[in-house]
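The file start.cif contains mmCIF, C-alpha atoms; chains and numbers go by the auth columns:
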```cif
data_query
#
loop_
_atom_site.group_PDB
_atom_site.id
_atom_site.type_symbol
_atom_site.label_atom_id
_atom_site.label_comp_id
_atom_site.label_asym_id
_atom_site.label_seq_id
_atom_site.Cartn_x
_atom_site.Cartn_y
_atom_site.Cartn_z
_atom_site.B_iso_or_equiv
_atom_site.auth_seq_id
_atom_site.auth_asym_id
ATOM 1 C CA MET A 1 9.825 -80.155 -38.901 0.00 121 A
ATOM 2 C CA SER A 2 11.839 -81.059 -35.854 0.00 122 A
ATOM 3 C CA ASP A 3 10.809 -83.534 -33.221 0.00 123 A
ATOM 4 C CA LYS A 4 11.026 -80.808 -30.560 0.00 124 A
ATOM 5 C CA ALA A 5 8.236 -78.718 -32.052 0.00 125 A
ATOM 6 C CA GLU A 6 5.092 -78.520 -30.016 0.00 126 A
ATOM 7 C CA SER A 7 1.810 -79.465 -31.527 0.00 127 A
ATOM 8 C CA PRO A 8 -0.846 -76.755 -31.513 0.00 128 A
ATOM 9 C CA THR A 9 -3.281 -79.085 -29.763 0.00 129 A
ATOM 10 C CA GLU A 10 -1.173 -79.426 -26.620 0.00 130 A
ATOM 11 C CA THR A 11 -2.278 -77.282 -23.742 0.00 131 A
ATOM 12 C CA HIS A 12 0.199 -75.738 -21.346 0.00 132 A
ATOM 13 C CA LYS A 13 -0.610 -75.579 -17.691 0.00 133 A
ATOM 14 C CA GLU A 14 0.145 -72.207 -16.266 0.00 134 A
ATOM 15 C CA GLU A 15 1.075 -71.852 -12.656 0.00 135 A
ATOM 16 C CA PRO A 16 -1.689 -70.281 -10.627 0.00 136 A
ATOM 17 C CA GLN A 17 -0.984 -66.631 -10.122 0.00 137 A
ATOM 18 C CA SER A 18 -1.442 -65.093 -6.743 0.00 138 A
ATOM 19 C CA PRO A 19 -3.885 -62.222 -6.635 0.00 139 A
ATOM 20 C CA PRO A 20 -2.247 -58.857 -7.235 0.00 140 A
ATOM 21 C CA GLU A 21 -0.947 -57.327 -4.051 0.00 141 A
ATOM 22 C CA ASN A 22 -2.583 -54.242 -2.723 0.00 142 A
ATOM 23 C CA SER A 23 -0.356 -51.237 -3.434 0.00 143 A
ATOM 24 C CA GLU A 24 -0.458 -50.270 0.242 0.00 144 A
ATOM 25 C CA THR A 25 0.812 -53.683 1.280 0.00 145 A
ATOM 26 C CA SER A 26 3.792 -53.535 -1.056 0.00 146 A
ATOM 27 C CA GLU A 27 4.503 -49.937 -0.017 0.00 147 A
ATOM 28 C CA GLU A 28 4.527 -50.929 3.649 0.00 148 A
ATOM 29 C CA LYS A 29 7.130 -53.587 2.922 0.00 149 A
ATOM 30 C CA LYS A 30 9.393 -50.985 1.320 0.00 150 A
ATOM 31 C CA LYS A 31 8.985 -48.497 4.156 0.00 151 A
ATOM 32 C CA ILE A 32 9.266 -48.760 7.911 0.00 152 A
ATOM 33 C CA ASP A 33 8.218 -46.597 10.842 0.00 153 A
ATOM 34 C CA VAL A 34 11.057 -44.965 12.763 0.00 154 A
ATOM 35 C CA LEU A 35 10.518 -43.348 16.150 0.00 155 A
ATOM 36 C CA LEU A 36 13.111 -40.632 16.841 0.00 156 A
ATOM 37 C CA LYS A 37 13.778 -39.671 20.468 0.00 157 A
ATOM 38 C CA ALA A 38 15.955 -36.806 21.626 0.00 158 A
ATOM 39 C CA VAL A 39 18.655 -37.404 24.234 0.00 159 A
ATOM 40 C CA GLY A 40 20.581 -34.892 26.306 0.00 160 A
ATOM 41 C CA ASP A 41 20.794 -31.383 24.860 0.00 161 A
ATOM 42 C CA ALA A 42 19.397 -32.282 21.423 0.00 162 A
ATOM 43 C CA PRO A 43 16.305 -30.328 20.380 0.00 163 A
ATOM 44 C CA ILE A 44 13.069 -32.306 20.498 0.00 164 A
ATOM 45 C CA MET A 45 11.315 -32.885 17.180 0.00 165 A
ATOM 46 C CA LYS A 46 7.588 -32.159 17.154 0.00 166 A
ATOM 47 C CA THR A 47 7.083 -35.055 14.765 0.00 167 A
ATOM 48 C CA LYS A 48 8.642 -38.101 16.381 0.00 168 A
ATOM 49 C CA LYS A 49 7.350 -40.883 14.108 0.00 169 A
ATOM 50 C CA TRP A 50 8.576 -40.974 10.502 0.00 170 A
ATOM 51 C CA THR A 51 8.053 -43.398 7.630 0.00 171 A
ATOM 52 C CA VAL A 52 11.395 -44.168 6.007 0.00 172 A
ATOM 53 C CA ASP A 53 12.531 -46.252 3.023 0.00 173 A
ATOM 54 C CA ARG A 54 14.137 -49.528 4.076 0.00 174 A
ATOM 55 C CA GLY A 55 17.164 -48.828 1.867 0.00 175 A
ATOM 56 C CA ARG A 56 17.938 -45.477 3.455 0.00 176 A
ATOM 57 C CA THR A 57 21.260 -45.334 5.303 0.00 177 A
ATOM 58 C CA VAL A 58 21.879 -44.131 8.852 0.00 178 A
ATOM 59 C CA GLN A 59 24.032 -41.318 7.466 0.00 179 A
ATOM 60 C CA SER A 60 21.243 -39.997 5.228 0.00 180 A
ATOM 61 C CA LEU A 61 18.851 -40.196 8.183 0.00 181 A
ATOM 62 C CA ALA A 62 21.317 -38.216 10.329 0.00 182 A
ATOM 63 C CA GLN A 63 21.621 -35.589 7.589 0.00 183 A
ATOM 64 C CA PHE A 64 17.832 -35.323 7.417 0.00 184 A
ATOM 65 C CA ILE A 65 17.590 -34.858 11.197 0.00 185 A
ATOM 66 C CA SER A 66 20.361 -32.228 11.149 0.00 186 A
ATOM 67 C CA ARG A 67 18.581 -30.254 8.420 0.00 187 A
ATOM 68 C CA PHE A 68 15.201 -30.629 10.133 0.00 188 A
ATOM 69 C CA LEU A 69 16.615 -29.347 13.445 0.00 189 A
ATOM 70 C CA LYS A 70 18.591 -26.644 11.595 0.00 190 A
ATOM 71 C CA LEU A 71 21.853 -27.611 13.286 0.00 191 A
ATOM 72 C CA ASP A 72 25.024 -25.721 12.390 0.00 192 A
ATOM 73 C CA ALA A 73 27.449 -27.420 10.021 0.00 193 A
ATOM 74 C CA ASN A 74 30.009 -27.743 12.849 0.00 194 A
ATOM 75 C CA GLU A 75 27.544 -29.526 15.185 0.00 195 A
ATOM 76 C CA GLN A 76 27.680 -33.311 15.212 0.00 196 A
ATOM 77 C CA LEU A 77 24.721 -35.638 15.510 0.00 197 A
ATOM 78 C CA PHE A 78 24.954 -39.104 17.023 0.00 198 A
ATOM 79 C CA ILE A 79 22.354 -41.807 16.452 0.00 199 A
ATOM 80 C CA TYR A 80 21.933 -44.796 18.763 0.00 200 A
ATOM 81 C CA VAL A 81 19.928 -48.008 18.632 0.00 201 A
ATOM 82 C CA HIS A 82 18.386 -49.198 21.919 0.00 202 A
ATOM 83 C CA GLN A 83 20.340 -46.566 23.856 0.00 203 A
ATOM 84 C CA SER A 84 23.418 -48.738 23.572 0.00 204 A
ATOM 85 C CA PHE A 85 25.328 -48.598 20.282 0.00 205 A
ATOM 86 C CA ALA A 86 25.855 -46.334 17.308 0.00 206 A
ATOM 87 C CA PRO A 87 25.245 -48.129 14.007 0.00 207 A
ATOM 88 C CA SER A 88 27.645 -47.744 11.101 0.00 208 A
ATOM 89 C CA PRO A 89 26.803 -44.727 8.884 0.00 209 A
ATOM 90 C CA ASP A 90 26.461 -46.966 5.814 0.00 210 A
ATOM 91 C CA GLN A 91 24.085 -49.366 7.607 0.00 211 A
ATOM 92 C CA GLU A 92 20.632 -49.576 6.027 0.00 212 A
ATOM 93 C CA VAL A 93 17.718 -48.702 8.284 0.00 213 A
ATOM 94 C CA GLY A 94 15.772 -51.732 7.033 0.00 214 A
ATOM 95 C CA VAL A 95 18.429 -54.109 8.363 0.00 215 A
ATOM 96 C CA LEU A 96 18.361 -52.380 11.751 0.00 216 A
ATOM 97 C CA PHE A 97 14.585 -52.708 11.758 0.00 217 A
ATOM 98 C CA ASP A 98 14.797 -56.432 10.986 0.00 218 A
ATOM 99 C CA CYS A 99 17.246 -56.975 13.857 0.00 219 A
ATOM 100 C CA PHE A 100 16.138 -54.457 16.485 0.00 220 A
ATOM 101 C CA GLY A 101 12.634 -53.324 15.527 0.00 221 A
ATOM 102 C CA SER A 102 9.735 -54.007 17.868 0.00 222 A
ATOM 103 C CA ASP A 103 6.032 -53.187 17.776 0.00 223 A
ATOM 104 C CA SER A 104 6.314 -52.517 14.023 0.00 224 A
ATOM 105 C CA LYS A 105 8.773 -49.650 14.507 0.00 225 A
ATOM 106 C CA LEU A 106 12.454 -48.934 15.015 0.00 226 A
ATOM 107 C CA VAL A 107 13.342 -46.687 17.943 0.00 227 A
ATOM 108 C CA LEU A 108 16.404 -44.503 17.381 0.00 228 A
ATOM 109 C CA HIS A 109 17.827 -41.968 19.822 0.00 229 A
ATOM 110 C CA TYR A 110 19.693 -38.906 18.596 0.00 230 A
ATOM 111 C CA CYS A 111 21.894 -36.425 20.447 0.00 231 A
ATOM 112 C CA LYS A 112 24.522 -33.771 19.814 0.00 232 A
ATOM 113 C CA SER A 113 27.176 -35.322 22.075 0.00 233 A
ATOM 114 C CA GLN A 114 28.240 -38.903 22.658 0.00 234 A
ATOM 115 C CA ALA A 115 25.939 -40.587 25.115 0.00 235 A
ATOM 116 C CA TRP A 116 26.390 -44.361 24.840 0.00 236 A
ATOM 117 C CA GLY A 117 28.751 -46.799 23.183 0.00 237 A
#
```

As structure tokens, what does this structure read like?
Amino acid sequence: MSDKAESPTETHKEEPQSPPENSETSEEKKKIDVLLKAVGDAPIMKTKKWTVDRGRTVQSLAQFISRFLKLDANEQLFIYVHQSFAPSPDQEVGVLFDCFGSDSKLVLHYCKSQAWG
């Protein structure tokens, strides 16, 4: 036997485990609320508040809005944060929420022509 072997009488202290998280709590951390507001000549969405995965990109969100509004393929869609700047298409919505979210939601404005920035 080696000197490094553990004796069967030794007891190991296990770290206390935190209680299992509620599935809703962990789901809320993975998803955020996004409030979409129309600007200019963009059609208004009946449903303005959406729950979105944190890892979703701005581009995929813009594609979703375009399909939802049934825009033509030649029509552009611009998305703005705080009515001031257009985020990069590969930017994750969760990062925008962490930086610019307020009242537990991220407010994004969408339009069919350039408005700000």

**Message:** Starting from the PyMOL selection byres ((chain A and resi 193-208) around 6), expand the selection into actual residues of this file and give them as a PyMOL selection string.
**Reply:** chain A and resi 192+209-211+228-232+236-237

**Request:** Using atom CA of A:Asp173 and atom CA of A:Lys151 as the two end points, give the distance in Å to one decimal.
**Result:** 4.3 Å

Would you compute, for all listed atoms of stretch 204-208 of chain A, the axis-aligned bounding box grown by 8 Å on each side, and then report its centre and edge lengths in Å rounded to one decimal, as JSON?
```
{"center_x": 25.5, "center_y": -47.5, "center_z": 17.3, "size_x": 20.2, "size_y": 18.4, "size_z": 28.5}
```

**Message:** Can you pull out the residues contacting A:Trp170? Cut-off 12 Å, using all atoms listed in the file, and skip same-chain residues under 5 positions away; I want them as a PyMOL selection string.
**Reply:** chain A and resi 151-157+165+181+184-185+225-228

**Request:** Using all atoms listed in the file, find the one residue out of A:Ala235, A:Val213, A:Ala158, A:Cys219 that sits nearest to A:Val172.
**Result:** A:Val213

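Taking atom CA of A:Leu216 and atom CA of A:Thr167 as endpoints, the distance between them is 20.9 Å.
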
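Atom CA of A:Ile164 lies 22.3 Å from atom CA of A:Ser224.
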
**Request:** Between A:Gln183, A:Phe217, A:Ala162, A:Arg174, single out the one closest to A:Lys150, counting all atoms listed in the file.
**Result:** A:Arg174

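Distances here use all atoms listed in the file; by that measure, the residue among A:Ser233, A:Ala182, A:Leu189, A:Glu212 closest to A:Lys166 is A:Leu189.
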
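Restricting the calculation to all atoms listed in the file, the smallest distance between A:Gly214 and any of A:Val178, A:Arg187, A:Pro163, A:Lys169 is found for A:Val178.
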
Generate N, CA, C and O atoms for stretch 204-223 of chain A and emit them as a PDB file, in the coordinates of the input.
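The result, written out as out-v9.pdb:
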```pdb
ATOM      1  N   SER A 204      22.208 -47.991  23.232  1.00  0.00           N
ATOM      2  CA  SER A 204      23.418 -48.738  23.572  1.00  0.00           C
ATOM      3  C   SER A 204      24.542 -48.618  22.551  1.00  0.00           C
ATOM      4  O   SER A 204      25.699 -48.534  22.926  1.00  0.00           O
ATOM      5  N   PHE A 205      24.239 -48.631  21.255  1.00  0.00           N
ATOM      6  CA  PHE A 205      25.328 -48.598  20.282  1.00  0.00           C
ATOM      7  C   PHE A 205      24.971 -47.711  19.102  1.00  0.00           C
ATOM      8  O   PHE A 205      23.806 -47.524  18.771  1.00  0.00           O
ATOM      9  N   ALA A 206      26.019 -47.172  18.496  1.00  0.00           N
ATOM     10  CA  ALA A 206      25.855 -46.334  17.308  1.00  0.00           C
ATOM     11  C   ALA A 206      26.073 -47.203  16.077  1.00  0.00           C
ATOM     12  O   ALA A 206      27.135 -47.800  15.918  1.00  0.00           O
ATOM     13  N   PRO A 207      25.067 -47.319  15.210  1.00  0.00           N
ATOM     14  CA  PRO A 207      25.245 -48.129  14.007  1.00  0.00           C
ATOM     15  C   PRO A 207      26.200 -47.463  13.021  1.00  0.00           C
ATOM     16  O   PRO A 207      26.429 -46.255  13.073  1.00  0.00           O
ATOM     17  N   SER A 208      26.751 -48.239  12.135  1.00  0.00           N
ATOM     18  CA  SER A 208      27.645 -47.744  11.101  1.00  0.00           C
ATOM     19  C   SER A 208      26.879 -46.779  10.192  1.00  0.00           C
ATOM     20  O   SER A 208      25.707 -47.019   9.890  1.00  0.00           O
ATOM     21  N   PRO A 209      27.508 -45.690   9.747  1.00  0.00           N
ATOM     22  CA  PRO A 209      26.803 -44.727   8.884  1.00  0.00           C
ATOM     23  C   PRO A 209      26.277 -45.326   7.584  1.00  0.00           C
ATOM     24  O   PRO A 209      25.269 -44.862   7.057  1.00  0.00           O
ATOM     25  N   ASP A 210      26.930 -46.372   7.063  1.00  0.00           N
ATOM     26  CA  ASP A 210      26.461 -46.966   5.814  1.00  0.00           C
ATOM     27  C   ASP A 210      25.462 -48.102   6.034  1.00  0.00           C
ATOM     28  O   ASP A 210      25.026 -48.735   5.084  1.00  0.00           O
ATOM     29  N   GLN A 211      25.070 -48.319   7.283  1.00  0.00           N
ATOM     30  CA  GLN A 211      24.085 -49.366   7.607  1.00  0.00           C
ATOM     31  C   GLN A 211      22.699 -48.947   7.120  1.00  0.00           C
ATOM     32  O   GLN A 211      22.291 -47.809   7.314  1.00  0.00           O
ATOM     33  N   GLU A 212      21.982 -49.873   6.492  1.00  0.00           N
ATOM     34  CA  GLU A 212      20.632 -49.576   6.027  1.00  0.00           C
ATOM     35  C   GLU A 212      19.651 -49.668   7.192  1.00  0.00           C
ATOM     36  O   GLU A 212      19.754 -50.553   8.040  1.00  0.00           O
ATOM     37  N   VAL A 213      18.699 -48.757   7.209  1.00  0.00           N
ATOM     38  CA  VAL A 213      17.718 -48.702   8.284  1.00  0.00           C
ATOM     39  C   VAL A 213      16.842 -49.962   8.294  1.00  0.00           C
ATOM     40  O   VAL A 213      16.456 -50.439   9.345  1.00  0.00           O
ATOM     41  N   GLY A 214      16.589 -50.522   7.117  1.00  0.00           N
ATOM     42  CA  GLY A 214      15.772 -51.732   7.033  1.00  0.00           C
ATOM     43  C   GLY A 214      16.408 -52.914   7.750  1.00  0.00           C
ATOM     44  O   GLY A 214      15.717 -53.713   8.385  1.00  0.00           O
ATOM     45  N   VAL A 215      17.729 -53.026   7.670  1.00  0.00           N
ATOM     46  CA  VAL A 215      18.429 -54.109   8.363  1.00  0.00           C
ATOM     47  C   VAL A 215      18.343 -53.904   9.871  1.00  0.00           C
ATOM     48  O   VAL A 215      18.137 -54.854  10.627  1.00  0.00           O
ATOM     49  N   LEU A 216      18.503 -52.678  10.318  1.00  0.00           N
ATOM     50  CA  LEU A 216      18.361 -52.380  11.751  1.00  0.00           C
ATOM     51  C   LEU A 216      16.955 -52.716  12.228  1.00  0.00           C
ATOM     52  O   LEU A 216      16.774 -53.269  13.314  1.00  0.00           O
ATOM     53  N   PHE A 217      15.967 -52.393  11.403  1.00  0.00           N
ATOM     54  CA  PHE A 217      14.585 -52.708  11.758  1.00  0.00           C
ATOM     55  C   PHE A 217      14.383 -54.220  11.884  1.00  0.00           C
ATOM     56  O   PHE A 217      13.747 -54.690  12.820  1.00  0.00           O
ATOM     57  N   ASP A 218      14.936 -54.977  10.945  1.00  0.00           N
ATOM     58  CA  ASP A 218      14.797 -56.432  10.986  1.00  0.00           C
ATOM     59  C   ASP A 218      15.425 -57.019  12.251  1.00  0.00           C
ATOM     60  O   ASP A 218      14.901 -57.970  12.829  1.00  0.00           O
ATOM     61  N   CYS A 219      16.539 -56.444  12.692  1.00  0.00           N
ATOM     62  CA  CYS A 219      17.246 -56.975  13.857  1.00  0.00           C
ATOM     63  C   CYS A 219      16.756 -56.402  15.189  1.00  0.00           C
ATOM     64  O   CYS A 219      16.694 -57.121  16.187  1.00  0.00           O
ATOM     65  N   PHE A 220      16.419 -55.122  15.220  1.00  0.00           N
ATOM     66  CA  PHE A 220      16.138 -54.457  16.485  1.00  0.00           C
ATOM     67  C   PHE A 220      14.762 -53.806  16.568  1.00  0.00           C
ATOM     68  O   PHE A 220      14.435 -53.184  17.573  1.00  0.00           O
ATOM     69  N   GLY A 221      13.962 -53.916  15.519  1.00  0.00           N
ATOM     70  CA  GLY A 221      12.634 -53.324  15.527  1.00  0.00           C
ATOM     71  C   GLY A 221      11.692 -54.093  16.451  1.00  0.00           C
ATOM     72  O   GLY A 221      11.818 -55.304  16.634  1.00  0.00           O
ATOM     73  N   SER A 222      10.764 -53.369  17.037  1.00  0.00           N
ATOM     74  CA  SER A 222       9.735 -54.007  17.868  1.00  0.00           C
ATOM     75  C   SER A 222       8.457 -53.192  17.750  1.00  0.00           C
ATOM     76  O   SER A 222       8.495 -51.977  17.512  1.00  0.00           O
ATOM     77  N   ASP A 223       7.339 -53.845  17.900  1.00  0.00           N
ATOM     78  CA  ASP A 223       6.032 -53.187  17.776  1.00  0.00           C
ATOM     79  C   ASP A 223       5.891 -52.462  16.442  1.00  0.00           C
ATOM     80  O   ASP A 223       5.376 -51.348  16.371  1.00  0.00           O
TER      81      ASP A 223
END
```
